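Okay, final.tsv now, which holds TSV, C-alpha atoms:
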chain	number	residue	atom	x	y	z
A	1	MET	CA	-34.65	53.41	9.84
A	2	GLN	CA	-31.04	53.72	10.90
A	3	GLY	CA	-31.53	50.96	13.47
A	4	GLU	CA	-32.89	48.63	10.80
A	5	THR	CA	-29.86	49.33	8.60
A	6	GLU	CA	-27.56	48.58	11.53
A	7	ARG	CA	-29.36	45.31	12.14
A	8	GLN	CA	-28.98	44.28	8.48
A	9	GLY	CA	-25.31	45.31	8.27
A	10	PRO	CA	-23.88	42.52	10.43
A	11	SER	CA	-26.10	39.99	8.63
A	12	TYR	CA	-24.62	40.96	5.25
A	13	GLY	CA	-21.16	40.80	6.78
A	14	ARG	CA	-21.75	37.27	8.04
A	15	VAL	CA	-23.04	36.18	4.62
A	16	ALA	CA	-19.98	37.67	2.91
A	17	THR	CA	-17.67	35.99	5.42
A	18	MET	CA	-19.35	32.61	4.98
A	19	THR	CA	-19.21	32.98	1.18
A	20	VAL	CA	-15.49	33.71	1.27
A	21	MET	CA	-14.91	30.75	3.60
A	22	VAL	CA	-16.87	28.37	1.36
A	23	LEU	CA	-15.01	29.58	-1.74
A	24	ALA	CA	-11.69	29.20	0.09
A	25	ILE	CA	-12.54	25.63	1.15
A	26	VAL	CA	-13.69	24.69	-2.37
A	27	GLY	CA	-10.57	26.26	-3.86
A	28	ALA	CA	-8.33	24.43	-1.42
A	29	GLY	CA	-10.10	21.17	-2.23
A	30	LEU	CA	-9.68	21.65	-5.99
A	31	LEU	CA	-6.02	22.53	-5.49
A	32	LEU	CA	-5.53	19.42	-3.37
A	33	ILE	CA	-7.15	17.24	-6.03
A	34	SER	CA	-4.97	18.71	-8.77
A	35	MET	CA	-1.88	18.03	-6.63
A	36	MET	CA	-2.97	14.57	-5.48
A	37	ARG	CA	-0.04	12.82	-7.16
A	38	LEU	CA	2.34	15.03	-5.20
A	39	VAL	CA	0.34	14.33	-2.03
A	40	LEU	CA	0.67	10.58	-2.64
A	41	LEU	CA	4.43	10.92	-3.18
A	42	VAL	CA	4.72	12.86	0.08
A	43	PHE	CA	2.69	10.16	1.83
A	44	GLY	CA	4.94	7.47	0.33
A	45	ALA	CA	7.98	9.33	1.64
A	46	THR	CA	6.29	9.49	5.04
A	47	VAL	CA	5.69	5.73	5.06
A	48	ILE	CA	9.35	5.02	4.25
A	49	ALA	CA	10.46	7.60	6.83
A	50	VAL	CA	8.42	5.79	9.48
A	51	LEU	CA	10.14	2.56	8.44
A	52	PHE	CA	13.58	4.17	8.72
A	53	SER	CA	12.70	5.60	12.14
A	54	ALA	CA	11.33	2.28	13.42
A	55	VAL	CA	14.49	0.39	12.42
A	56	ALA	CA	16.66	3.20	13.82
A	57	ARG	CA	14.79	2.99	17.12
A	58	ARG	CA	15.55	-0.73	17.33
A	59	ILE	CA	19.22	-0.21	16.52
A	60	GLN	CA	19.46	2.56	19.09
A	61	LYS	CA	17.83	0.33	21.70
A	62	TRP	CA	20.22	-2.56	21.02
A	63	THR	CA	23.46	-0.61	20.55
A	64	ARG	CA	22.93	2.60	22.59
A	65	LEU	CA	24.21	4.60	19.63
A	66	PRO	CA	23.06	8.23	19.15
A	67	ARG	CA	19.94	8.60	17.05
A	68	GLY	CA	21.81	10.11	14.11
A	69	LEU	CA	24.17	7.16	13.83
A	70	SER	CA	21.31	4.72	14.40
A	71	LEU	CA	19.32	6.33	11.59
A	72	ALA	CA	22.31	6.22	9.24
A	73	ALA	CA	22.82	2.55	10.10
A	74	ALA	CA	19.12	1.84	9.50
A	75	ILE	CA	19.15	3.51	6.08
A	76	ILE	CA	22.36	1.71	5.05
A	77	LEU	CA	20.99	-1.60	6.34
A	78	LEU	CA	17.66	-1.38	4.52
A	79	LEU	CA	19.14	-0.10	1.27
A	80	GLY	CA	21.86	-2.75	1.55
A	81	ILE	CA	19.24	-5.48	1.88
A	82	VAL	CA	17.40	-4.26	-1.24
A	83	ILE	CA	20.62	-3.86	-3.25
A	84	GLY	CA	21.91	-7.21	-2.00
A	85	ILE	CA	18.74	-8.99	-3.11
A	86	PHE	CA	18.98	-7.52	-6.60
A	87	TYR	CA	22.73	-8.12	-6.79
A	88	GLY	CA	22.58	-11.67	-5.45
A	89	PHE	CA	19.41	-12.81	-7.17
A	90	GLY	CA	19.10	-10.20	-9.91
A	91	ALA	CA	20.29	-12.35	-12.79
A	92	GLN	CA	18.20	-15.27	-11.62
A	93	LEU	CA	15.12	-13.10	-11.16
A	94	VAL	CA	15.56	-11.57	-14.62
A	95	GLN	CA	15.81	-15.08	-16.06
A	96	GLN	CA	12.70	-16.11	-14.13
A	97	PHE	CA	10.70	-13.13	-15.39
A	98	ASP	CA	11.94	-13.78	-18.94
A	99	THR	CA	10.65	-17.33	-18.55
A	100	ILE	CA	7.28	-15.97	-17.46
A	101	ARG	CA	7.14	-13.66	-20.49
A	102	GLU	CA	8.18	-16.41	-22.91
A	103	GLN	CA	5.86	-19.06	-21.49
A	104	ILE	CA	2.70	-16.95	-21.43
A	105	PRO	CA	1.79	-17.54	-25.14
A	106	SER	CA	2.16	-21.34	-24.85
A	107	ALA	CA	0.23	-21.21	-21.58
A	108	LEU	CA	-2.63	-19.40	-23.29
A	109	GLN	CA	-2.62	-22.00	-26.06
A	110	ALA	CA	-2.75	-24.81	-23.49
A	111	ILE	CA	-5.69	-23.12	-21.79
A	112	GLN	CA	-7.42	-22.72	-25.17
A	113	ARG	CA	-6.97	-26.41	-25.99
A	114	GLN	CA	-8.38	-27.42	-22.64
A	115	LEU	CA	-11.36	-25.11	-23.05
A	116	ASP	CA	-11.96	-26.57	-26.53
A	117	ALA	CA	-12.03	-30.01	-24.93
A	118	TRP	CA	-14.67	-28.75	-22.51
A	119	GLY	CA	-16.72	-27.14	-25.27
A	120	LEU	CA	-15.98	-23.59	-24.15
A	121	GLY	CA	-13.44	-22.71	-26.83
A	122	GLY	CA	-15.56	-20.23	-28.83
A	123	PRO	CA	-16.19	-17.55	-26.18
A	124	ALA	CA	-12.68	-17.99	-24.78
A	125	ARG	CA	-11.15	-17.57	-28.26
A	126	ASP	CA	-12.98	-14.29	-28.72
A	127	LEU	CA	-11.74	-13.13	-25.36
A	128	LEU	CA	-8.16	-14.15	-26.14
A	129	SER	CA	-8.24	-12.43	-29.53
A	130	GLN	CA	-9.40	-9.25	-27.85
A	131	GLY	CA	-6.57	-9.66	-25.34
A	132	SER	CA	-4.06	-10.14	-28.16
A	133	SER	CA	-5.31	-6.95	-29.79
A	134	ASP	CA	-4.93	-5.10	-26.53
A	135	MET	CA	-1.42	-6.52	-26.13
A	136	SER	CA	-0.47	-5.26	-29.58
A	137	THR	CA	-1.71	-1.82	-28.63
A	138	ILE	CA	0.34	-1.96	-25.44
A	139	MET	CA	3.49	-2.95	-27.32
A	140	SER	CA	2.96	-0.12	-29.83
A	141	ARG	CA	3.03	2.30	-26.94
A	142	ALA	CA	6.25	0.91	-25.48
A	143	GLY	CA	8.01	4.25	-25.85
A	144	THR	CA	5.35	6.01	-23.80
A	145	TYR	CA	5.59	3.35	-21.11
A	146	ALA	CA	9.39	3.67	-21.09
A	147	LEU	CA	8.98	7.37	-20.35
A	148	SER	CA	6.54	6.47	-17.59
A	149	ILE	CA	9.08	4.06	-16.10
A	150	GLY	CA	11.69	6.82	-16.18
A	151	SER	CA	9.26	9.13	-14.43
A	152	GLY	CA	8.58	6.40	-11.88
A	153	LEU	CA	12.29	6.03	-11.15
A	154	SER	CA	12.65	9.78	-10.63
A	155	ASP	CA	9.62	9.68	-8.33
A	156	ALA	CA	11.24	6.82	-6.38
A	157	VAL	CA	14.44	8.82	-5.91
A	158	LEU	CA	12.40	11.84	-4.80
A	159	VAL	CA	10.46	9.72	-2.30
A	160	LEU	CA	13.66	8.16	-0.93
A	161	VAL	CA	15.40	11.51	-0.45
A	162	GLY	CA	12.26	12.99	1.09
A	163	ALA	CA	11.99	10.02	3.46
A	164	ILE	CA	15.57	10.56	4.64
A	165	PHE	CA	14.87	14.23	5.38
A	166	LEU	CA	11.63	13.37	7.21
A	167	ALA	CA	13.28	10.63	9.26
A	168	ALA	CA	16.25	12.85	10.15
A	169	ASP	CA	14.10	15.22	12.24
A	170	PRO	CA	10.51	13.93	12.52
A	171	GLU	CA	9.78	16.13	15.53
A	172	LEU	CA	10.32	19.24	13.39
A	173	TYR	CA	7.56	18.22	10.98
A	174	ARG	CA	5.34	16.98	13.82
A	175	ARG	CA	5.55	20.38	15.52
A	176	GLY	CA	4.86	22.09	12.19
A	177	LEU	CA	1.68	20.08	11.65
A	178	VAL	CA	0.49	20.72	15.19
A	179	LYS	CA	1.07	24.48	14.82
A	180	LEU	CA	-1.43	24.56	11.94
A	181	VAL	CA	-4.36	24.01	14.30
A	182	PRO	CA	-5.77	26.34	16.99
A	183	PRO	CA	-4.03	26.13	20.40
A	184	LYS	CA	-7.04	24.43	22.01
A	185	ALA	CA	-6.85	21.61	19.46
A	186	GLU	CA	-3.09	21.01	19.78
A	187	PRO	CA	-3.38	18.07	22.25
A	188	VAL	CA	-5.76	16.26	19.92
A	189	ALA	CA	-3.53	17.04	16.94
A	190	ARG	CA	-0.49	15.60	18.72
A	191	LYS	CA	-2.39	12.42	19.51
A	192	ALA	CA	-3.63	12.20	15.91
A	193	VAL	CA	-0.11	12.49	14.48
A	194	ASP	CA	1.13	9.85	16.93
A	195	ASP	CA	-1.82	7.63	15.97
A	196	ALA	CA	-0.92	7.90	12.28
A	197	ALA	CA	2.73	7.04	12.93
A	198	GLY	CA	1.80	4.16	15.24
A	199	GLY	CA	-0.65	2.74	12.71
A	200	LEU	CA	1.98	2.82	9.97
A	201	ARG	CA	4.60	1.16	12.20
A	202	GLY	CA	2.21	-1.62	13.10
A	203	TRP	CA	1.17	-2.17	9.50
A	204	MET	CA	4.80	-2.43	8.36
A	205	LYS	CA	5.71	-4.91	11.09
A	206	GLY	CA	2.88	-7.23	10.15
A	207	GLU	CA	3.36	-6.90	6.40
A	208	ALA	CA	7.08	-7.65	6.63
A	209	VAL	CA	6.30	-11.02	8.21
A	210	ALA	CA	3.45	-11.74	5.79
A	211	ILE	CA	5.49	-10.90	2.66
A	212	ILE	CA	8.36	-13.20	3.63
A	213	VAL	CA	6.14	-16.14	4.62
A	214	VAL	CA	3.86	-15.88	1.57
A	215	ALA	CA	6.83	-15.57	-0.82
A	216	VAL	CA	8.62	-18.59	0.68
A	217	LEU	CA	5.52	-20.80	0.84
A	218	THR	CA	4.36	-19.90	-2.66
A	219	GLY	CA	7.79	-20.21	-4.27
A	220	THR	CA	8.50	-23.54	-2.56
A	221	GLY	CA	5.09	-24.95	-3.45
A	222	LEU	CA	5.37	-23.94	-7.11
A	223	TRP	CA	8.89	-25.42	-7.28
A	224	LEU	CA	7.63	-28.72	-5.90
A	225	LEU	CA	4.80	-28.71	-8.46
A	226	GLY	CA	7.30	-28.11	-11.26
A	227	VAL	CA	5.84	-24.78	-12.34
A	228	PRO	CA	8.34	-22.68	-14.35
A	229	ALA	CA	9.80	-19.52	-12.78
A	230	ALA	CA	8.82	-20.56	-9.27
A	231	ILE	CA	11.14	-18.06	-7.58
A	232	GLY	CA	9.85	-15.12	-9.62
A	233	LEU	CA	6.23	-16.13	-9.05
A	234	GLY	CA	6.86	-16.53	-5.33
A	235	LEU	CA	8.39	-13.06	-5.19
A	236	ILE	CA	5.39	-11.63	-7.03
A	237	ALA	CA	3.02	-13.36	-4.60
A	238	GLY	CA	4.89	-11.99	-1.59
A	239	LEU	CA	5.02	-8.42	-2.90
A	240	MET	CA	1.38	-8.48	-4.00
A	241	ASP	CA	0.36	-9.44	-0.48
A	242	ILE	CA	0.73	-5.72	0.27
A	243	VAL	CA	-2.49	-5.19	-1.71
A	244	PRO	CA	-5.33	-6.61	0.43
A	245	TYR	CA	-7.75	-9.13	-1.15
A	246	VAL	CA	-6.95	-8.17	-4.76
A	247	GLY	CA	-3.19	-8.85	-4.61
A	248	PRO	CA	-3.35	-12.67	-4.26
A	249	ILE	CA	-5.67	-12.90	-7.26
A	250	ILE	CA	-3.31	-10.82	-9.40
A	251	ALA	CA	-0.34	-12.92	-8.27
A	252	GLY	CA	-2.15	-16.19	-8.92
A	253	LEU	CA	-3.11	-15.54	-12.54
A	254	PRO	CA	0.38	-15.86	-14.13
A	255	ALA	CA	1.17	-18.87	-11.94
A	256	VAL	CA	-1.95	-20.72	-13.07
A	257	MET	CA	-1.31	-19.86	-16.73
A	258	LEU	CA	2.26	-21.14	-16.56
A	259	ALA	CA	1.09	-24.29	-14.79
A	260	PHE	CA	-1.09	-25.05	-17.83
A	261	THR	CA	2.10	-25.46	-19.88
A	262	HIS	CA	2.65	-28.68	-17.91
A	263	SER	CA	-0.88	-29.97	-17.58
A	264	PRO	CA	-4.37	-28.96	-16.45
A	265	SER	CA	-3.85	-30.99	-13.28
A	266	THR	CA	-0.76	-28.92	-12.44
A	267	ALA	CA	-2.83	-25.78	-12.92
A	268	LEU	CA	-5.49	-27.21	-10.61
A	269	TRP	CA	-2.89	-28.00	-7.94
A	270	THR	CA	-1.50	-24.48	-8.35
A	271	ILE	CA	-4.93	-23.07	-7.58
A	272	VAL	CA	-5.10	-25.35	-4.54
A	273	LEU	CA	-1.66	-24.13	-3.45
A	274	PHE	CA	-2.71	-20.48	-3.61
A	275	LEU	CA	-5.89	-21.27	-1.67
A	276	ILE	CA	-3.86	-23.06	1.03
A	277	VAL	CA	-1.36	-20.19	1.27
A	278	GLN	CA	-4.20	-17.71	1.58
A	279	GLN	CA	-5.79	-19.82	4.32
A	280	ILE	CA	-2.48	-19.78	6.18
A	281	GLN	CA	-2.20	-16.05	5.59
A	282	GLY	CA	-5.75	-15.37	6.72
A	283	ASN	CA	-5.97	-17.70	9.71
A	284	ILE	CA	-2.38	-17.66	11.05
A	285	LEU	CA	-0.53	-14.63	9.71
A	286	GLN	CA	-3.43	-12.19	9.76
A	287	PRO	CA	-4.03	-12.48	13.53
A	288	ILE	CA	-0.32	-11.80	14.05
A	289	VAL	CA	-0.52	-8.79	11.71
A	290	GLN	CA	-3.63	-7.44	13.44
A	291	LYS	CA	-1.93	-7.72	16.83
A	292	HIS	CA	0.47	-5.00	15.72
A	293	ALA	CA	-1.66	-3.20	13.12
A	294	VAL	CA	-4.96	-1.34	12.99
A	295	ASP	CA	-7.97	-3.58	12.45
A	296	VAL	CA	-9.71	-1.81	9.55
A	297	PRO	CA	-13.09	-3.30	8.49
A	298	PRO	CA	-12.52	-5.58	5.45
A	299	ALA	CA	-15.11	-3.87	3.23
A	300	VAL	CA	-13.54	-0.46	3.87
A	301	LEU	CA	-10.10	-1.78	2.94
A	302	LEU	CA	-11.37	-3.56	-0.20
A	303	PHE	CA	-13.24	-0.55	-1.60
A	304	SER	CA	-10.30	1.68	-0.70
A	305	VAL	CA	-7.96	-0.47	-2.81
A	306	ILE	CA	-10.39	-0.46	-5.74
A	307	GLY	CA	-11.08	3.27	-5.51
A	308	MET	CA	-7.43	4.26	-5.17
A	309	GLY	CA	-6.53	2.02	-8.09
A	310	LEU	CA	-9.20	3.56	-10.32
A	311	MET	CA	-8.21	7.11	-9.42
A	312	PHE	CA	-4.42	6.93	-9.18
A	313	GLY	CA	-3.35	3.68	-10.82
A	314	PHE	CA	-0.49	1.55	-9.50
A	315	ILE	CA	0.76	4.04	-6.92
A	316	GLY	CA	-2.76	4.30	-5.52
A	317	VAL	CA	-3.04	0.52	-5.18
A	318	VAL	CA	0.32	0.25	-3.38
A	319	LEU	CA	-0.47	3.05	-0.92
A	320	ALA	CA	-4.15	2.19	-0.43
A	321	ALA	CA	-3.70	0.04	2.70
A	322	PRO	CA	-1.42	2.38	4.72
A	323	LEU	CA	-3.42	5.45	3.64
A	324	THR	CA	-6.68	3.78	4.71
A	325	ILE	CA	-5.16	2.94	8.08
A	326	VAL	CA	-4.04	6.54	8.62
A	327	VAL	CA	-7.42	7.97	7.60
A	328	PHE	CA	-9.22	5.40	9.78
A	329	VAL	CA	-7.37	6.28	12.97
A	330	LEU	CA	-7.56	10.04	12.25
A	331	VAL	CA	-11.34	9.84	11.81
A	332	GLN	CA	-11.61	7.93	15.09
A	333	ARG	CA	-9.38	10.33	17.04
A	334	ILE	CA	-10.41	13.69	15.55
A	335	TYR	CA	-13.99	13.29	14.38
A	336	VAL	CA	-15.58	10.58	16.48
A	337	GLN	CA	-13.73	11.09	19.77
A	338	ALA	CA	-12.85	14.82	19.76
A	339	LEU	CA	-15.63	16.48	17.74
A	340	LEU	CA	-18.55	14.14	18.45
A	341	GLY	CA	-17.40	13.43	22.00
A	342	ARG	CA	-18.03	9.69	21.74
A	343	ASP	CA	-16.34	7.53	24.35
A	344	ILE	CA	-14.44	5.13	22.08
A	345	THR	CA	-11.07	3.44	22.14
A	346	VAL	CA	-9.00	4.46	19.13
A	347	ALA	CA	-7.58	1.53	17.17
A	348	THR	CA	-3.96	2.44	17.91
A	349	ASP	CA	-4.71	2.49	21.65
A	350	LYS	CA	-5.87	-1.12	21.37
A	351	VAL	CA	-2.66	-2.07	19.59
A	352	LYS	CA	-0.55	-0.35	22.26
A	353	GLY	CA	-2.45	-2.20	24.97
A	354	GLU	CA	-1.88	-5.58	23.30
A	355	ASP	CA	1.82	-4.87	22.75
A	356	GLN	CA	2.39	-3.99	26.41
Translate this file's structure into structure tokens.
Amino acid sequence: MQGETERQGPSYGRVATMTVMVLAIVGAGLLLISMMRLVLLVFGATVIAVLFSAVARRIQKWTRLPRGLSLAAAIILLLGIVIGIFYGFGAQLVQQFDTIREQIPSALQAIQRQLDAWGLGGPARDLLSQGSSDMSTIMSRAGTYALSIGSGLSDAVLVLVGAIFLAADPELYRRGLVKLVPPKAEPVARKAVDDAAGGLRGWMKGEAVAIIVVAVLTGTGLWLLGVPAAIGLGLIAGLMDIVPYVGPIIAGLPAVMLAFTHSPSTALWTIVLFLIVQQIQGNILQPIVQKHAVDVPPAVLLFSVIGMGLMFGFIGVVLAAPLTIVVFVLVQRIYVQALLGRDITVATDKVKGEDQ
């Protein structure tokens, strides 16, 4: 009888241990979900810190300055570029965006007249009236949105300061992350952290080129077509290129609507322009981007953007691509290669091989 009790004792102990572990994992998951906005802000700071470090590494390579001075120069350079753009083109950009805001109603009217000519005015009018009602609701909540903008600015300052701290001593945080895993897993953890940083660096290199080229091509094309606010629309197109697949559509909508203020043919040529720019982006720029970045399957990237946007709004959409890249390489390195033991080449290893 005593032997049977002794045999059952360890079994109950294992069940209790497993129950506590499951509850701890569930609790940690719920806590992580409740703090997801903070997690996204930390990830945003990490992305900017990687950018600061990458530029600092280039400056250090070219000038042989100590890393601290190189990092300070990188931060001043990047912030100076952003401030210089707003200082040099700020008034013009504000005027361009004011033009967009003022021209939208007449653009909608032009679209409505054209749809009436095609016999499609009834359904479109219902849709536009619903949109006008929604716009009135949005304007009535302007105070709430102003508070949200203020919160967004405070978040941006927090992310910037956090990025500076992370970039100042990245090895400190790298060692801290590695120390969270068992000693046997430390080599894999080091590789995983390096993979994440390498994937982010590659993504930023490619996107920097793509943003500039798309903005210049779109702005120039719209200016040649005579579309109002061509510079502002080109800037929107370049910035929205950060959002895969969905971004060009969002950027193209205001451009097409404004083109209708001139004529339907101008709107048609605007659509053609965006299609041509996207062909250039997809067939010329994208191979250059993928040479330095992680080649994530298109469907994974698309659904990631949609899912992050539905769950976390604008900040989720902006961070969807870099977060997907990080998760993709971590799954390859930790789960597929280390845990499953599959003989695969991690995406960042391919990028390193092509860059060498």
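Atom CA of Arg201 of chain A to atom CA of Ala54 of chain A spans 6.9 Å [interatomic distance, one decimal].
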### Query
Just how far from atom CA of Leu273 of chain A is atom CA of Ala210 of chain A, in Å to one decimal?
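Separating atom CA of Ala210 of chain A from atom CA of Leu273 of chain A is a distance of 16.3 Å.
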### Query
In Å, how far is it from atom CA of Val272 of chain A to atom CA of Thr218 of chain A?
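Between these atoms lies a distance of 11.1 Å.
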### Query
For Ile271 of chain A, which of A:Gly206, A:Gly198, A:Gly252, A:Gly341 is the closest residue, counting all atoms listed in the file?
A:Gly252
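Nearest residue to Val336 of chain A, choosing from A:Ile81, A:Met257, A:Val188, A:Met36 and counting all atoms listed in the file: A:Val188.
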### Counting all atoms listed in the file, the option among A:Met18, A:Leu41, A:Tyr173, A:Ile59 closest to Val157 of chain A
A:Leu41
### Query
Closest to Gly221 of chain A among A:Leu177, A:Ile236, A:Ile276, A:Ala321, using only C-alpha atoms?
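Ranked by minimum distance to Gly221 of chain A, first place goes to A:Ile276.
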### Task
Can you work out which one of A:Ala156, A:Val227, A:Gly27, A:Ala167 has the shortest atom-to-atom distance to Ile75 of chain A, counting all atoms listed in the file?
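Of A:Ala156, A:Val227, A:Gly27, A:Ala167, the one nearest Ile75 of chain A, counting all atoms listed in the file, is A:Ala167.
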### Task
Just give me the residues with any atom within 10 Å of (7.9, -17.9, -8.6), file coordinates, counting all atoms listed in the file, written as a PyMOL selection string.
chain A and resi 93+96-97+100+215-216+218-223+227-238+251+254-255
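Shortest separation to Leu301 of chain A among A:Ala259, A:Ile242, A:Leu340, A:Leu51 occurs at residue A:Ile242, atoms counted being all atoms listed in the file.
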### Query
Within 12 Å of Phe165 of chain A, counting only C-alpha atoms, which residues qualify if same-chain residues fewer than 3 places away don't, as a ChimeraX atom specification?
/A:42,45-46,48-50,52-53,68,71-72,75,158-162,168-173
### Task
Taking the point (4.6, 14.6, 17.2) as given in the file, collect each protein or nucleic acid residue that comes within 6 Å of it, counting only C-alpha atoms, and present the set as a list in words.
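Residues close enough to count: Glu171, Arg174, Arg190, Val193 and Asp194 of chain A.
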